[in-house]
Structure formats: C-alpha cells, structure tokens
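**Q** Next up is a structure, given as structure tokens.
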Amino acid sequence: QVQLVESGGGLVQPGGSLRLSCAASRDIFAFGAMGWYRQAPGKERELVARFARDGIVTYADSVKGRFTISRDKARKTLFLQMNSLKPEDTAVYYCNHSSNWGPVWGRGTQVTVRS
C-alpha cells in the first residue's frame, strides 16, 4: 500500500504564498491520477487540482490563475504552489492517488489564511 505524506501547510496572510508537497512512498505517477483536495470546516472535500493518468491537469475554478500543480517523478513528489491566497482557501489540504486499486489519501496539512 502506497503512503502519501503532505507537508508545507501553515499560517499565511491574505495575498501570501505557500508551497505544499506530497511525498509518495513509491513511484505511482504512472499508475493513476494524482492531485490535491481540500476540506474546510463544515464543508465537503473538494478537488483543488489534479493530474489525470494521461497528464492532463484540472483546476477548480476558484484557484485557476493562483495555484499551480506540478510533480517531480524522480523525487516521487507532488507539489501545489499557492499564490495570492485568500481567507476562503483556509482548509486541510489532502494529497490523493486514484487507480484501479482504489483511492489513497494522505493525512492532510492545514492551511490557514488570515490577517
């Protein structure tokens, strides 16, 4: 079973930036979709950005132009660069891998945006 470990969350002021990382325990990029989701208090978990298995990238409308997803296959790491952060971006951010063997989730990293 692959393991995903997120890091890089924290407290940032509106307009600031953070870079999240997701380290995989083994090379899984070629075997399914991989991306970032988030869950704010009292809300459902939602897609932020993801790579499909064929490499096509999808972003939530709310983060387009501000967030960038990337990956380093050699380091088995997925990234999420978040710029121009807003208070409504506050949530726990989760890394996800989805394949024929089912979804795998990391434990999440908290991102808080406030003055």
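In the structure tokens, chains take letters A, B, ... by order of appearance, with residues numbered from 1 within each chain and ligands from 1 in the order shown.
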Give me the residues within 6 Å of region 57-68 of chain A as a list in words, counting only C-alpha atoms and dropping any in the same chain fewer than 2 places off.
**A**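 Here the answer would be Val48, Ala49, Arg50, Phe51, Leu80, Gln81, Met82 and Asn83 of chain A.
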**Q** Based on the selection just made, write N, CA, C and O atoms of those residues as a PDB file, in the first residue's frame.
**A**
ATOM      1  N   VAL A  48      -8.996  20.407  -5.738  1.00  0.00           N
ATOM      2  CA  VAL A  48      -8.267  21.653  -5.962  1.00  0.00           C
ATOM      3  C   VAL A  48      -7.559  21.588  -7.317  1.00  0.00           C
ATOM      4  O   VAL A  48      -7.745  22.458  -8.169  1.00  0.00           O
ATOM      5  N   ALA A  49      -6.766  20.557  -7.516  1.00  0.00           N
ATOM      6  CA  ALA A  49      -6.037  20.389  -8.769  1.00  0.00           C
ATOM      7  C   ALA A  49      -5.572  18.947  -8.862  1.00  0.00           C
ATOM      8  O   ALA A  49      -5.282  18.328  -7.836  1.00  0.00           O
ATOM      9  N   ARG A  50      -5.505  18.425 -10.084  1.00  0.00           N
ATOM     10  CA  ARG A  50      -5.058  17.050 -10.231  1.00  0.00           C
ATOM     11  C   ARG A  50      -4.466  16.799 -11.597  1.00  0.00           C
ATOM     12  O   ARG A  50      -4.799  17.483 -12.578  1.00  0.00           O
ATOM     13  N   PHE A  51      -3.564  15.820 -11.633  1.00  0.00           N
ATOM     14  CA  PHE A  51      -3.069  15.246 -12.881  1.00  0.00           C
ATOM     15  C   PHE A  51      -3.871  13.995 -13.160  1.00  0.00           C
ATOM     16  O   PHE A  51      -3.918  13.094 -12.327  1.00  0.00           O
ATOM     17  N   LEU A  80       2.053  21.678  -4.816  1.00  0.00           N
ATOM     18  CA  LEU A  80       0.995  22.646  -5.093  1.00  0.00           C
ATOM     19  C   LEU A  80       1.508  24.019  -4.679  1.00  0.00           C
ATOM     20  O   LEU A  80       1.672  24.279  -3.487  1.00  0.00           O
ATOM     21  N   GLN A  81       1.798  24.856  -5.662  1.00  0.00           N
ATOM     22  CA  GLN A  81       2.204  26.223  -5.398  1.00  0.00           C
ATOM     23  C   GLN A  81       0.946  27.080  -5.309  1.00  0.00           C
ATOM     24  O   GLN A  81       0.163  27.134  -6.260  1.00  0.00           O
ATOM     25  N   MET A  82       0.783  27.726  -4.171  1.00  0.00           N
ATOM     26  CA  MET A  82      -0.423  28.526  -3.938  1.00  0.00           C
ATOM     27  C   MET A  82      -0.028  29.982  -3.760  1.00  0.00           C
ATOM     28  O   MET A  82       0.689  30.324  -2.811  1.00  0.00           O
ATOM     29  N   ASN A  83      -0.467  30.815  -4.661  1.00  0.00           N
ATOM     30  CA  ASN A  83      -0.188  32.253  -4.612  1.00  0.00           C
ATOM     31  C   ASN A  83      -1.483  33.040  -4.417  1.00  0.00           C
ATOM     32  O   ASN A  83      -2.578  32.513  -4.627  1.00  0.00           O
TER      33      ASN A  83
END
**Q** Can you check which parts of region 13-58 of chain A lie within 6 Å of region 95-112 of chain A? Per residue, the shortest pair of atoms and distance in Å to one decimal, counting only C-alpha atoms, sorted by chain and number, as CSV.
**A**
residue,atom,partner,partner_atom,distance
A:Gly32,CA,A:Ser99,CA,4.5
A:Ala33,CA,A:Ser98,CA,5.2
A:Met34,CA,A:His97,CA,4.4
A:Gly35,CA,A:Asn96,CA,5.4
A:Trp36,CA,A:Cys95,CA,4.8
**Q** Set the distance at 8 Å and use only C-alpha atoms: which residues neighbour region 22-30 of chain A once local chain neighbours fewer than 5 positions away are removed? I'd like the list as a list in words.
**A** Val2, Gln3, Leu4, Val5, Glu6, Ser7, Arg53, Lys73, Arg75, Lys76, Thr77, Leu78, Phe79 and Cys95 of chain A
**Q** Given the selection you just returned, output its residues as a file containing N, CA, C and O atoms, formatted as a tab-separated table (two decimals), in the first residue's frame.
**A**
chain	number	residue	atom	x	y	z
A	2	VAL	N	0.69	2.10	-1.00
A	2	VAL	CA	1.47	3.32	-1.06
A	2	VAL	C	1.07	4.26	0.07
A	2	VAL	O	-0.08	4.26	0.52
A	3	GLN	N	2.02	5.03	0.53
A	3	GLN	CA	1.74	6.04	1.55
A	3	GLN	C	2.04	7.42	0.98
A	3	GLN	O	3.01	7.60	0.23
A	4	LEU	N	1.21	8.38	1.35
A	4	LEU	CA	1.36	9.77	0.92
A	4	LEU	C	1.52	10.65	2.14
A	4	LEU	O	0.72	10.53	3.08
A	5	VAL	N	2.52	11.51	2.14
A	5	VAL	CA	2.78	12.39	3.28
A	5	VAL	C	2.85	13.83	2.80
A	5	VAL	O	3.75	14.19	2.02
A	6	GLU	N	1.91	14.64	3.28
A	6	GLU	CA	1.88	16.06	2.90
A	6	GLU	C	2.71	16.90	3.87
A	6	GLU	O	2.87	16.54	5.04
A	7	SER	N	3.20	18.01	3.37
A	7	SER	CA	3.91	18.99	4.20
A	7	SER	C	3.80	20.35	3.54
A	7	SER	O	3.40	20.46	2.37
A	53	ARG	N	-4.28	10.43	-15.33
A	53	ARG	CA	-3.25	9.46	-15.66
A	53	ARG	C	-2.51	9.85	-16.94
A	53	ARG	O	-1.31	9.60	-17.08
A	73	LYS	N	8.89	13.40	-10.75
A	73	LYS	CA	8.79	11.94	-10.74
A	73	LYS	C	10.01	11.30	-10.10
A	73	LYS	O	9.88	10.29	-9.40
A	75	ARG	N	11.73	12.39	-7.66
A	75	ARG	CA	11.63	12.52	-6.21
A	75	ARG	C	10.33	11.95	-5.66
A	75	ARG	O	10.08	11.99	-4.47
A	76	LYS	N	9.48	11.43	-6.58
A	76	LYS	CA	8.19	10.85	-6.19
A	76	LYS	C	7.38	11.85	-5.37
A	76	LYS	O	6.79	11.50	-4.34
A	77	THR	N	7.39	13.09	-5.82
A	77	THR	CA	6.76	14.16	-5.05
A	77	THR	C	5.82	14.99	-5.92
A	77	THR	O	6.17	15.31	-7.07
A	78	LEU	N	4.70	15.31	-5.35
A	78	LEU	CA	3.71	16.19	-5.97
A	78	LEU	C	3.73	17.52	-5.22
A	78	LEU	O	3.89	17.54	-4.01
A	79	PHE	N	3.56	18.61	-5.97
A	79	PHE	CA	3.60	19.93	-5.36
A	79	PHE	C	2.33	20.71	-5.68
A	79	PHE	O	1.65	20.46	-6.68
A	95	CYS	N	-3.50	15.14	-0.15
A	95	CYS	CA	-2.96	14.55	-1.36
A	95	CYS	C	-3.71	13.25	-1.64
A	95	CYS	O	-4.06	12.51	-0.71
**Q** So the first atom is CA of Ser70 (chain A) and the second is CA of Ser84 (chain A); what is the distance between them in Å, to one decimal place?
**A**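 Computing it gives 17.5 Å between the two atoms.
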**Q** Would you mind writing down, as a VMD selection string, each residue of chain A that DSSP on the backbone assigns to strand (DSSP E or B)?
**A** chain A and resid 4 to 7 10 to 12 18 to 24 33 to 39 46 to 51 57 to 59 67 to 72 77 to 82 91 to 99 102 to 105 109 to 113
**Q** Just to confirm, what's the straight-line distance from CA of Ile56 (chain A) to CA of Glu44 (chain A) in Å (one decimal)?
**A**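 So the answer is 24.3 Å.
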**Q** Measuring atom to atom with only C-alpha atoms, identify which of A:Val12, A:Val92, A:Leu18, A:Leu85 is nearest to Arg38 (chain A).
**A** A:Val92
**Q** Residues at most 6 Å from Val113 (chain A), counting only C-alpha atoms, excluding those fewer than 5 positions away in the same chain, as a PDB file with N, CA and C atoms, in the first residue's frame?
**A**
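The result, written out as part26.pdb:
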ATOM      1  N   LEU A  11       0.314  29.018   8.520  1.00  0.00           N
ATOM      2  CA  LEU A  11      -0.473  30.238   8.633  1.00  0.00           C
ATOM      3  C   LEU A  11       0.142  31.309   7.735  1.00  0.00           C
ATOM      4  N   VAL A  12      -0.678  31.940   6.918  1.00  0.00           N
ATOM      5  CA  VAL A  12      -0.181  32.959   5.998  1.00  0.00           C
ATOM      6  C   VAL A  12      -1.213  34.078   5.897  1.00  0.00           C
ATOM      7  N   GLN A  13      -0.743  35.271   5.631  1.00  0.00           N
ATOM      8  CA  GLN A  13      -1.640  36.405   5.475  1.00  0.00           C
ATOM      9  C   GLN A  13      -2.278  36.402   4.088  1.00  0.00           C
ATOM     10  N   PRO A  14      -3.437  37.023   3.959  1.00  0.00           N
ATOM     11  CA  PRO A  14      -4.044  37.141   2.618  1.00  0.00           C
ATOM     12  C   PRO A  14      -3.067  37.767   1.626  1.00  0.00           C
ATOM     13  N   PRO A  87      -8.649  34.192   2.402  1.00  0.00           N
ATOM     14  CA  PRO A  87      -9.185  33.518   3.595  1.00  0.00           C
ATOM     15  C   PRO A  87     -10.033  32.293   3.245  1.00  0.00           C
ATOM     16  N   THR A  90      -8.640  28.708   3.279  1.00  0.00           N
ATOM     17  CA  THR A  90      -8.362  28.020   4.534  1.00  0.00           C
ATOM     18  C   THR A  90      -9.043  26.654   4.551  1.00  0.00           C
TER      19      THR A  90
END
**Q** So, counting only C-alpha atoms, which residue among A:Gly8, A:Gln1, A:Arg71, A:Ala91 is closest to Glu46 (chain A)?
**A**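 Under the stated criterion, the closest residue is A:Ala91.
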**Q** Please return as a PyMOL selection string: the residues of chain A that backbone DSSP assigns to helix (DSSP H, G or I).
**A** chain A and resi 29-31+61-63+87-89
**Q** Pick out the closest residue to Leu47 (chain A) from this set: A:Gly10, A:Ser17, A:Tyr93, A:Phe31. Count only C-alpha atoms.
**A**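 Distance minimum relative to Leu47 (chain A) lands on A:Tyr93.
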